[in-house]
file upload-v2.cif (mmCIF, C-alpha atoms)
data_work
#
loop_
_atom_site.label_atom_id
_atom_site.label_comp_id
_atom_site.auth_asym_id
_atom_site.auth_seq_id
_atom_site.Cartn_x
_atom_site.Cartn_y
_atom_site.Cartn_z
CA MET A 1 129.13 128.85 159.34
CA ARG A 2 128.29 125.21 160.04
CA ALA A 3 129.20 122.28 157.80
CA LEU A 4 128.07 118.67 157.82
CA VAL A 5 130.64 116.21 156.46
CA ILE A 6 129.05 112.97 155.26
CA ASP A 7 131.30 110.06 154.32
CA ASP A 8 131.52 106.44 155.44
CA SER A 9 135.30 106.78 155.63
CA ARG A 10 136.49 108.33 158.89
CA VAL A 11 139.77 109.17 157.17
CA MET A 12 137.97 111.13 154.48
CA ARG A 13 135.75 112.89 157.03
CA ARG A 14 138.92 113.88 158.91
CA ILE A 15 140.51 115.30 155.75
CA VAL A 16 137.45 117.33 154.74
CA ALA A 17 136.69 118.45 158.31
CA SER A 18 140.28 119.52 158.94
CA THR A 19 140.26 121.83 155.91
CA LEU A 20 136.85 123.24 156.75
CA LYS A 21 137.81 123.88 160.39
CA GLY A 22 140.89 125.75 159.16
CA LEU A 23 138.57 127.97 157.15
CA GLY A 24 136.44 128.74 160.19
CA PHE A 25 133.62 126.23 159.87
CA GLU A 26 132.01 124.49 162.82
CA ILE A 27 131.80 120.80 161.89
CA ALA A 28 129.40 117.90 162.42
CA GLU A 29 129.90 114.48 160.86
CA ALA A 30 127.71 111.63 159.62
CA GLY A 31 128.75 108.20 158.34
CA ASP A 32 125.99 107.77 155.75
CA GLY A 33 123.06 109.57 154.16
CA ARG A 34 120.51 108.26 156.67
CA ALA A 35 122.56 109.53 159.62
CA ALA A 36 122.80 112.91 157.91
CA LEU A 37 119.04 113.04 157.37
CA ASP A 38 118.54 112.16 161.05
CA LEU A 39 120.60 115.19 162.07
CA LEU A 40 118.63 117.47 159.74
CA GLU A 41 115.30 116.07 160.86
CA ALA A 42 116.34 116.63 164.48
CA GLY A 43 116.53 120.34 163.66
CA GLU A 44 120.28 120.75 163.17
CA ARG A 45 120.98 123.53 160.70
CA PHE A 46 123.98 123.74 158.38
CA ASP A 47 125.19 126.11 155.69
CA LEU A 48 127.08 123.41 153.80
CA ALA A 49 126.95 119.64 153.44
CA CYS A 50 129.89 117.79 151.84
CA VAL A 51 128.42 114.55 150.56
CA ASP A 52 130.22 111.36 149.50
CA TRP A 53 128.43 109.34 146.82
CA ASN A 54 129.13 105.69 147.63
CA MET A 55 128.04 104.97 151.19
CA PRO A 56 126.16 102.15 152.92
CA VAL A 57 122.53 102.54 154.12
CA MET A 58 121.78 105.64 152.02
CA ASP A 59 124.09 106.89 149.29
CA GLY A 60 124.91 110.50 148.56
CA LEU A 61 122.73 110.89 145.49
CA GLU A 62 119.68 109.66 147.39
CA LEU A 63 120.50 112.04 150.24
CA VAL A 64 120.68 114.99 147.82
CA GLN A 65 117.30 113.99 146.38
CA GLU A 66 115.76 113.72 149.87
CA VAL A 67 117.14 117.09 150.97
CA ARG A 68 115.84 118.80 147.86
CA LYS A 69 112.30 117.55 148.57
CA ARG A 70 112.19 119.70 151.71
CA ARG A 71 111.52 123.42 151.36
CA ASP A 72 112.82 124.12 154.86
CA TRP A 73 116.25 122.82 153.86
CA ARG A 74 116.47 124.83 150.65
CA ASP A 75 119.24 127.08 152.01
CA LEU A 76 121.55 124.13 152.58
CA THR A 77 124.37 124.13 150.03
CA LEU A 78 125.22 120.61 148.86
CA MET A 79 128.63 119.69 147.51
CA MET A 80 129.39 116.17 146.32
CA VAL A 81 132.89 115.00 147.32
CA THR A 82 133.41 111.71 145.55
CA THR A 83 135.52 109.45 143.35
CA GLU A 84 132.66 109.34 140.82
CA SER A 85 134.36 111.29 138.05
CA GLU A 86 132.34 110.45 134.93
CA GLN A 87 130.58 113.33 133.22
CA ASN A 88 127.20 111.59 133.35
CA GLN A 89 127.51 111.10 137.12
CA ILE A 90 128.36 114.78 137.63
CA VAL A 91 125.31 115.73 135.57
CA ARG A 92 123.12 113.35 137.62
CA ALA A 93 124.26 114.88 140.89
CA LEU A 94 123.83 118.47 139.72
CA ALA A 95 120.41 117.64 138.24
CA ALA A 96 119.38 116.11 141.58
CA GLY A 97 120.19 119.37 143.33
CA ALA A 98 123.89 119.38 144.26
CA HIS A 99 125.45 122.84 143.89
CA GLU A 100 129.06 121.77 143.39
CA TYR A 101 131.14 118.69 142.70
CA LEU A 102 134.64 117.87 143.95
CA ILE A 103 136.42 114.75 142.75
CA LYS A 104 138.70 112.74 145.07
CA PRO A 105 141.63 112.98 145.35
CA PHE A 106 141.64 116.72 146.02
CA THR A 107 143.93 119.19 147.73
CA PRO A 108 142.83 121.57 150.49
CA ASP A 109 143.27 124.40 147.97
CA ALA A 110 140.82 122.74 145.58
CA LEU A 111 138.21 122.45 148.34
CA GLU A 112 138.75 126.08 149.32
CA ALA A 113 138.38 127.17 145.68
CA LYS A 114 135.02 125.39 145.44
CA LEU A 115 133.82 127.10 148.63
CA ASP A 116 134.99 130.42 147.27
CA MET A 117 132.93 129.85 144.12
CA LEU A 118 129.93 129.06 146.33
CA GLY A 119 130.47 132.21 148.40
CA LEU A 120 130.98 130.13 151.52
CA LEU A 121 134.33 131.26 152.85
CA PRO A 122 133.73 132.58 156.38
CA GLN A 123 137.05 134.47 156.38
CA LYS A 124 136.04 136.40 153.28
CA GLU A 125 132.70 137.33 154.86
CA LEU A 126 134.58 139.07 157.64
CA ALA A 127 136.90 140.94 155.27
CA MET B 1 146.25 92.16 128.10
CA THR B 2 142.91 93.52 126.85
CA ASP B 3 142.50 97.13 125.73
CA THR B 4 140.45 97.84 128.87
CA THR B 5 143.14 96.41 131.14
CA SER B 6 145.84 98.29 129.27
CA THR B 7 143.96 101.58 129.64
CA LEU B 8 143.41 101.00 133.36
CA ALA B 9 147.02 99.86 133.89
CA GLN B 10 148.43 103.03 132.36
CA SER B 11 146.41 105.10 134.82
CA VAL B 12 147.37 103.30 138.02
CA VAL B 13 150.67 105.04 138.77
CA PRO B 14 149.56 108.62 138.01
CA MET B 15 146.30 108.05 139.91
CA ALA B 16 148.06 106.64 142.98
CA GLN B 17 150.65 109.41 142.88
CA ASP B 18 147.93 112.08 142.63
CA LEU B 19 146.22 110.57 145.65
CA PHE B 20 149.36 110.46 147.78
CA THR B 21 150.46 113.95 146.71
CA ALA B 22 147.07 115.54 147.39
CA MET B 23 145.85 113.71 150.47
CA VAL B 24 148.65 111.73 152.13
CA ASP B 25 152.00 113.48 151.76
CA GLY B 26 151.01 116.99 150.70
CA GLU B 27 153.95 116.98 148.29
CA PRO B 28 154.88 114.98 145.17
CA GLY B 29 157.64 112.47 144.72
CA LEU B 30 157.26 110.22 147.77
CA LEU B 31 155.36 107.40 146.08
CA LEU B 32 157.66 105.79 143.55
CA PRO B 33 156.95 103.10 140.92
CA MET B 34 159.14 99.98 141.00
CA GLU B 35 159.75 97.36 138.34
CA ALA B 36 158.61 94.61 140.71
CA LEU B 37 158.55 93.75 144.40
CA GLU B 38 162.02 92.87 145.68
CA GLU B 39 160.56 90.36 148.12
CA PRO B 40 157.07 89.26 149.17
CA ILE B 41 155.12 91.63 151.40
CA THR B 42 155.21 90.41 155.00
CA ASP B 43 152.15 90.61 157.29
CA PRO B 44 150.02 91.84 154.37
CA LEU B 45 146.70 93.65 154.44
CA TYR B 46 144.45 93.51 151.38
CA ALA B 47 142.03 96.28 150.38
CA TRP B 48 139.88 96.07 147.29
CA VAL B 49 136.94 97.56 145.43
CA ASP B 50 135.11 96.03 142.49
CA ILE B 51 133.56 97.75 139.52
CA VAL B 52 130.43 95.92 138.40
CA GLY B 53 128.23 96.44 135.36
CA PRO B 54 128.71 95.82 131.64
CA ALA B 55 132.34 94.98 132.43
CA VAL B 56 133.84 93.86 135.74
CA SER B 57 137.07 94.97 137.35
CA ARG B 58 138.81 94.64 140.69
CA THR B 59 141.43 96.97 142.15
CA LEU B 60 143.41 95.33 144.95
CA VAL B 61 145.89 97.24 147.11
CA VAL B 62 148.32 95.17 149.18
CA THR B 63 150.79 96.43 151.74
CA ALA B 64 152.44 95.39 154.97
CA ARG B 65 150.71 96.24 158.23
CA GLU B 66 153.67 98.46 159.11
CA THR B 67 153.21 100.55 155.96
CA ALA B 68 149.45 100.60 156.43
CA ASP B 69 149.99 101.89 159.99
CA ARG B 70 152.13 104.71 158.63
CA LEU B 71 149.50 105.50 156.01
CA ALA B 72 146.78 105.64 158.67
CA ARG B 73 148.89 107.94 160.88
CA SER B 74 149.49 110.24 157.95
CA LEU B 75 145.85 110.40 156.87
CA LEU B 76 144.59 110.82 160.45
CA LEU B 77 147.27 113.41 161.32
CA LYS B 78 148.72 111.30 164.12
CA GLU B 79 152.28 111.50 165.47
CA ASP B 80 154.86 108.91 164.36
CA ASP B 81 154.81 107.14 167.73
CA GLU B 82 151.06 107.40 168.23
CA PRO B 83 149.27 104.04 168.13
CA VAL B 84 146.69 103.32 165.45
CA THR B 85 143.90 100.80 165.70
CA LEU B 86 143.12 98.11 163.16
CA GLU B 87 139.96 100.10 162.42
CA ASP B 88 142.09 103.16 161.58
CA VAL B 89 144.29 101.08 159.30
CA GLN B 90 141.38 99.38 157.55
CA ASP B 91 139.69 102.73 156.99
CA ALA B 92 142.85 104.30 155.55
CA LEU B 93 143.81 101.45 153.26
CA GLY B 94 140.20 101.00 152.16
CA GLU B 95 140.04 104.65 151.14
CA VAL B 96 143.20 104.27 149.05
CA ALA B 97 141.59 101.36 147.19
CA ASN B 98 138.36 103.33 146.89
CA VAL B 99 139.97 106.44 145.38
CA VAL B 100 142.20 104.51 142.95
CA GLY B 101 139.43 102.09 141.92
CA GLY B 102 136.80 104.81 141.82
CA ASN B 103 138.80 106.90 139.40
CA LEU B 104 139.51 103.89 137.20
CA LYS B 105 135.74 103.45 136.90
CA ALA B 106 135.66 106.52 134.66
CA MET B 107 137.44 104.40 132.05
CA MET B 108 134.92 101.56 132.24
CA PRO B 109 131.71 101.35 130.17
CA GLU B 110 128.80 103.60 131.15
CA GLY B 111 126.48 101.96 133.65
CA SER B 112 129.28 100.60 135.83
CA SER B 113 129.11 101.02 139.58
CA LEU B 114 131.63 100.81 142.40
CA THR B 115 131.34 98.54 145.42
CA LEU B 116 132.28 99.67 148.93
CA PRO B 117 135.88 98.88 149.90
CA VAL B 118 136.70 95.62 151.69
CA VAL B 119 139.83 95.28 153.84
CA GLU B 120 141.00 91.88 155.08
CA HIS B 121 144.07 90.02 156.29
CA ALA B 122 143.28 87.35 153.69
CA GLU B 123 143.62 87.73 149.95
CA PRO B 124 140.30 87.83 148.05
CA SER B 125 139.57 84.74 146.01
CA ALA B 126 140.27 85.01 142.30
CA SER B 127 140.01 82.45 139.54
CA ARG B 128 143.20 83.60 137.86
CA PRO B 129 146.27 85.75 138.49
CA ALA B 130 145.90 89.51 138.17
CA ASP B 131 145.86 90.94 134.65
CA HIS B 132 148.22 93.70 135.72
CA GLU B 133 150.23 94.55 138.79
CA GLN B 134 152.21 97.60 139.75
CA ALA B 135 154.70 97.74 142.60
CA LEU B 136 155.21 101.05 144.37
CA LEU B 137 157.50 102.21 147.16
CA TRP B 138 156.40 104.66 149.85
CA TRP B 139 158.77 105.61 152.70
CA GLY B 140 160.66 102.35 152.13
CA GLY B 141 157.53 100.22 152.32
CA PRO B 142 156.25 98.33 149.26
CA ILE B 143 152.67 98.78 148.05
CA LEU B 144 151.31 96.50 145.35
CA ILE B 145 148.30 97.41 143.20
CA GLN B 146 146.75 94.58 141.19
CA LEU B 147 144.01 94.81 138.56
CA TRP B 148 141.64 92.26 137.14
CA THR B 149 139.21 93.01 134.34
CA SER B 150 136.60 91.00 132.54
CA THR B 151 134.61 92.26 129.59
CA ASN B 152 133.11 88.95 128.51
CA GLY B 153 131.27 87.88 131.65
CA GLU B 154 133.93 85.50 132.97
CA ASP B 155 134.72 85.48 136.70
CA LEU B 156 137.63 87.49 138.03
#
call {"tool": "encode", "arguments": {"input": "upload-v2.cif", "output": "structure tokens"}}
result
Amino acid sequence: MRALVIDDSRVMRRIVASTLKGLGFEIAEAGDGRAALDLLEAGERFDLACVDWNMPVMDGLELVQEVRKRRDWRDLTLMMVTTESEQNQIVRALAAGAHEYLIKPFTPDALEAKLDMLGLLPQKELA
Amino acid sequence: MTDTTSTLAQSVVPMAQDLFTAMVDGEPGLLLPMEALEEPITDPLYAWVDIVGPAVSRTLVVTARETADRLARSLLLKEDDEPVTLEDVQDALGEVANVVGGNLKAMMPEGSSLTLPVVEHAEPSASRPADHEQALLWWGGPILIQLWTSTNGEDL
């Protein structure tokens, strides 16, 4: 499984990537939505993208909308990982095409539980 | 103190403690509220985010460089004696302000948005003292969180 971690904070990318690596994911990182789109347009393929909302250049909601316009990226699972905790923001993200929503701060167990719900735990695939 | 400030103020300690428990320390009880700072913070770093929209708010996190270094090491999984760069420290402290301020946004009027974090050696300009401040202690190092709110269009 491959995951793309998109956040303008290197600290936050480290936290998300560290948990995902521990679960068996191969990781790539991007510092904003535009950089993430560049990776996808270059042909990189991922099973999961963890997307921050508030980022410079291109924010996470816009990235989700751009990804959902492309049929060839329809298998990419999108999970917002953000401080945006209002109900209307969660609804906006899910309506735009995000599959799951994780609010910061979160524990590694909370991230793992979301992946389990999405059927994206590599260890469980092997079991 | 306005109702908005009061609501935000009551959430600062639990929000900061949740953040440190979940993402910094991995266990509860290491970030402790204090009545007030015992002495001014030396060699301070300032990190802040603003909430803009129908109402305006600023969350400012202040701590000493030494404490910010420790925070960066913890968040970046570095050893105690491993050096950290100013970029590491700015990123770590900025994310603390971002997570605390971002969660406070849920208590602001609909239509509010959050700015990206700013981290500086200099205090941000403000037209008046903070509406609320909360001193915290983490591994012996003080951390101060200050809040400003404005619901009537006046400058912070």
call {"tool": "resolve_selection", "arguments": {"input": "upload-v2.cif", "expression": "the PyMOL selection byres ((chain B) within 9 of (chain A))", "output": "PyMOL selection string"}}
result
chain B and resi 15+18-23+26+72+75-77+88+91-92+94-95+98-103+105-107+110+114-116
call {"tool": "residues_around", "arguments": {"input": "upload-v2.cif", "residues": "Leu86 of chain B", "least_positions_apart": "6", "cutoff": "12 Å", "atoms": "only C-alpha atoms", "output": "NGL selection string"}}
result
:B and (45 or 65-66 or 68-69 or 72-73 or 92-94 or 119-121)
call {"tool": "write_last_selection", "arguments": {"input": "upload-v2.cif", "atoms": "C-alpha atoms", "output": "CSV table (one decimal), in the frame of the given file"}}
result
chain,number,residue,atom,x,y,z
B,45,LEU,CA,146.7,93.6,154.4
B,65,ARG,CA,150.7,96.2,158.2
B,66,GLU,CA,153.7,98.5,159.1
B,68,ALA,CA,149.4,100.6,156.4
B,69,ASP,CA,150.0,101.9,160.0
B,72,ALA,CA,146.8,105.6,158.7
B,73,ARG,CA,148.9,107.9,160.9
B,92,ALA,CA,142.8,104.3,155.6
B,93,LEU,CA,143.8,101.4,153.3
B,94,GLY,CA,140.2,101.0,152.2
B,119,VAL,CA,139.8,95.3,153.8
B,120,GLU,CA,141.0,91.9,155.1
B,121,HIS,CA,144.1,90.0,156.3
call {"tool": "residues_around", "arguments": {"input": "upload-v2.cif", "residues": "Thr149 of chain B", "least_positions_apart": "2", "cutoff": "8 Å", "atoms": "all atoms listed in the file", "output": "JSON, numbers by chain"}}
result
{"B": [4, 5, 55, 56, 57, 58, 131, 147, 151, 156]}
call {"tool": "resolve_selection", "arguments": {"input": "upload-v2.cif", "expression": "the PyMOL selection byres ((chain B and resi 64) around 8)", "output": "ChimeraX atom specification"}}
result
/B:41-45,62-63,65-68,141-143
call {"tool": "atom_distance", "arguments": {"input": "upload-v2.cif", "atom1": "atom CA of Val64 of chain A", "atom2": "atom CA of Ala42 of chain A"}}
result
17.3 Å
call {"tool": "resolve_selection", "arguments": {"input": "upload-v2.cif", "expression": "the PyMOL selection byres ((chain A and resi 72) around 12)", "output": "list in words"}}
result
Leu40, Glu41, Gly43, Glu44, Arg45, Phe46, Glu66, Val67, Arg68, Lys69, Arg70, Arg71, Trp73, Arg74, Asp75 and Leu76 of chain A
call {"tool": "atom_distance", "arguments": {"input": "upload-v2.cif", "atom1": "atom CA of Val81 of chain A", "atom2": "atom CA of Ala49 of chain A"}}
result
9.7 Å
call {"tool": "residues_around", "arguments": {"input": "upload-v2.cif", "residues": "Ser112 of chain B", "least_positions_apart": "6", "cutoff": "7 Å", "atoms": "only C-alpha atoms", "output": "list of chain:residue names"}}
result
B:Ile51, B:Val52, B:Gly53, B:Pro54
call {"tool": "atom_distance", "arguments": {"input": "upload-v2.cif", "atom1": "atom CA of Ser6 of chain B", "atom2": "atom CA of Arg92 of chain A"}}
result
28.5 Å
call {"tool": "residues_around", "arguments": {"input": "upload-v2.cif", "residues": "Leu118 of chain A", "least_positions_apart": "3", "cutoff": "8 Å", "atoms": "only C-alpha atoms", "output": "MDAnalysis selection string"}}
result
chainID A and resid 100 114:115
call {"tool": "closest_residue", "arguments": {"input": "upload-v2.cif", "among": "A:Ala36, A:Cys50, A:Leu4, A:Ala30", "to": "Leu63 of chain A", "atoms": "all atoms listed in the file"}}
result
A:Ala36
call {"tool": "residues_around", "arguments": {"input": "upload-v2.cif", "residues": "Pro122 of chain A", "least_positions_apart": "5", "cutoff": "12 Å", "atoms": "all atoms listed in the file", "output": "list of chain:residue names"}}
result
A:Met1, A:Arg2, A:Ala3, A:Leu20, A:Lys21, A:Gly22, A:Leu23, A:Gly24, A:Phe25, A:Glu26, A:Asp47, A:Leu48, A:Glu112, A:Leu115, A:Asp116, A:Ala127
call {"tool": "build_atoms", "arguments": {"input": "upload-v2.cif", "residues": "segment 66-100 of chain B", "atoms": "N, CA and C atoms", "output": "short mmCIF file (atom, residue, chain, number, x, y, z; two decimals), keeping the file's coordinate frame"}}
result
data_model
loop_
_atom_site.label_atom_id
_atom_site.label_comp_id
_atom_site.auth_asym_id
_atom_site.auth_seq_id
_atom_site.Cartn_x
_atom_site.Cartn_y
_atom_site.Cartn_z
N GLU B 66 152.84 97.34 158.69
CA GLU B 66 153.67 98.46 159.11
C GLU B 66 153.46 99.68 158.21
N THR B 67 153.43 99.45 156.91
CA THR B 67 153.21 100.55 155.96
C THR B 67 151.78 101.08 156.07
N ALA B 68 150.84 100.18 156.27
CA ALA B 68 149.45 100.60 156.43
C ALA B 68 149.28 101.45 157.70
N ASP B 69 150.02 101.09 158.76
CA ASP B 69 149.99 101.89 159.99
C ASP B 69 150.47 103.31 159.71
N ARG B 70 151.57 103.41 158.96
CA ARG B 70 152.13 104.71 158.63
C ARG B 70 151.15 105.53 157.79
N LEU B 71 150.50 104.84 156.87
CA LEU B 71 149.50 105.50 156.01
C LEU B 71 148.34 106.03 156.86
N ALA B 72 147.89 105.22 157.80
CA ALA B 72 146.78 105.64 158.67
C ALA B 72 147.20 106.84 159.52
N ARG B 73 148.42 106.81 160.08
CA ARG B 73 148.89 107.94 160.88
C ARG B 73 148.92 109.22 160.04
N SER B 74 149.38 109.08 158.82
CA SER B 74 149.49 110.24 157.95
C SER B 74 148.10 110.81 157.62
N LEU B 75 147.18 109.94 157.26
CA LEU B 75 145.85 110.40 156.87
C LEU B 75 145.06 110.94 158.07
N LEU B 76 145.32 110.39 159.26
CA LEU B 76 144.59 110.82 160.45
C LEU B 76 145.35 111.87 161.25
N LEU B 77 146.44 112.37 160.69
CA LEU B 77 147.27 113.41 161.32
C LEU B 77 147.74 113.01 162.71
N LYS B 78 148.21 111.77 162.84
CA LYS B 78 148.72 111.30 164.12
C LYS B 78 150.25 111.37 164.13
N GLU B 79 150.82 111.46 165.34
CA GLU B 79 152.28 111.50 165.47
C GLU B 79 152.87 110.14 165.11
N ASP B 80 154.19 110.14 164.79
CA ASP B 80 154.86 108.91 164.36
C ASP B 80 154.79 107.79 165.40
N ASP B 81 154.81 108.17 166.68
CA ASP B 81 154.81 107.14 167.73
C ASP B 81 153.41 106.90 168.31
N GLU B 82 152.43 107.54 167.72
CA GLU B 82 151.06 107.40 168.23
C GLU B 82 150.45 106.08 167.71
N PRO B 83 149.83 105.31 168.59
CA PRO B 83 149.27 104.04 168.13
C PRO B 83 148.07 104.25 167.20
N VAL B 84 147.89 103.31 166.29
CA VAL B 84 146.69 103.32 165.45
C VAL B 84 145.98 101.99 165.64
N THR B 85 144.68 102.02 165.55
CA THR B 85 143.90 100.80 165.70
C THR B 85 143.77 100.09 164.37
N LEU B 86 143.37 98.84 164.41
CA LEU B 86 143.12 98.11 163.16
C LEU B 86 142.01 98.80 162.37
N GLU B 87 141.05 99.37 163.09
CA GLU B 87 139.96 100.10 162.42
C GLU B 87 140.50 101.30 161.64
N ASP B 88 141.45 102.03 162.27
CA ASP B 88 142.09 103.16 161.58
C ASP B 88 142.76 102.69 160.30
N VAL B 89 143.50 101.60 160.42
CA VAL B 89 144.29 101.08 159.30
C VAL B 89 143.38 100.59 158.18
N GLN B 90 142.32 99.88 158.56
CA GLN B 90 141.38 99.38 157.55
C GLN B 90 140.71 100.54 156.83
N ASP B 91 140.35 101.57 157.58
CA ASP B 91 139.69 102.73 156.99
C ASP B 91 140.63 103.43 155.99
N ALA B 92 141.88 103.60 156.40
CA ALA B 92 142.85 104.30 155.55
C ALA B 92 143.15 103.51 154.28
N LEU B 93 143.45 102.24 154.43
CA LEU B 93 143.81 101.45 153.26
C LEU B 93 142.59 101.26 152.34
N GLY B 94 141.43 101.12 152.94
CA GLY B 94 140.20 101.00 152.16
C GLY B 94 139.96 102.25 151.33
N GLU B 95 140.26 103.41 151.89
CA GLU B 95 140.04 104.65 151.14
C GLU B 95 141.01 104.78 149.98
N VAL B 96 142.24 104.28 150.17
CA VAL B 96 143.20 104.27 149.05
C VAL B 96 142.65 103.42 147.90
N ALA B 97 142.18 102.23 148.23
CA ALA B 97 141.59 101.36 147.19
C ALA B 97 140.38 102.03 146.55
N ASN B 98 139.57 102.68 147.37
CA ASN B 98 138.36 103.33 146.89
C ASN B 98 138.67 104.46 145.91
N VAL B 99 139.65 105.29 146.24
CA VAL B 99 139.97 106.44 145.38
C VAL B 99 140.62 105.97 144.08
N VAL B 100 141.55 105.01 144.18
CA VAL B 100 142.20 104.51 142.95
C VAL B 100 141.15 103.79 142.08
#
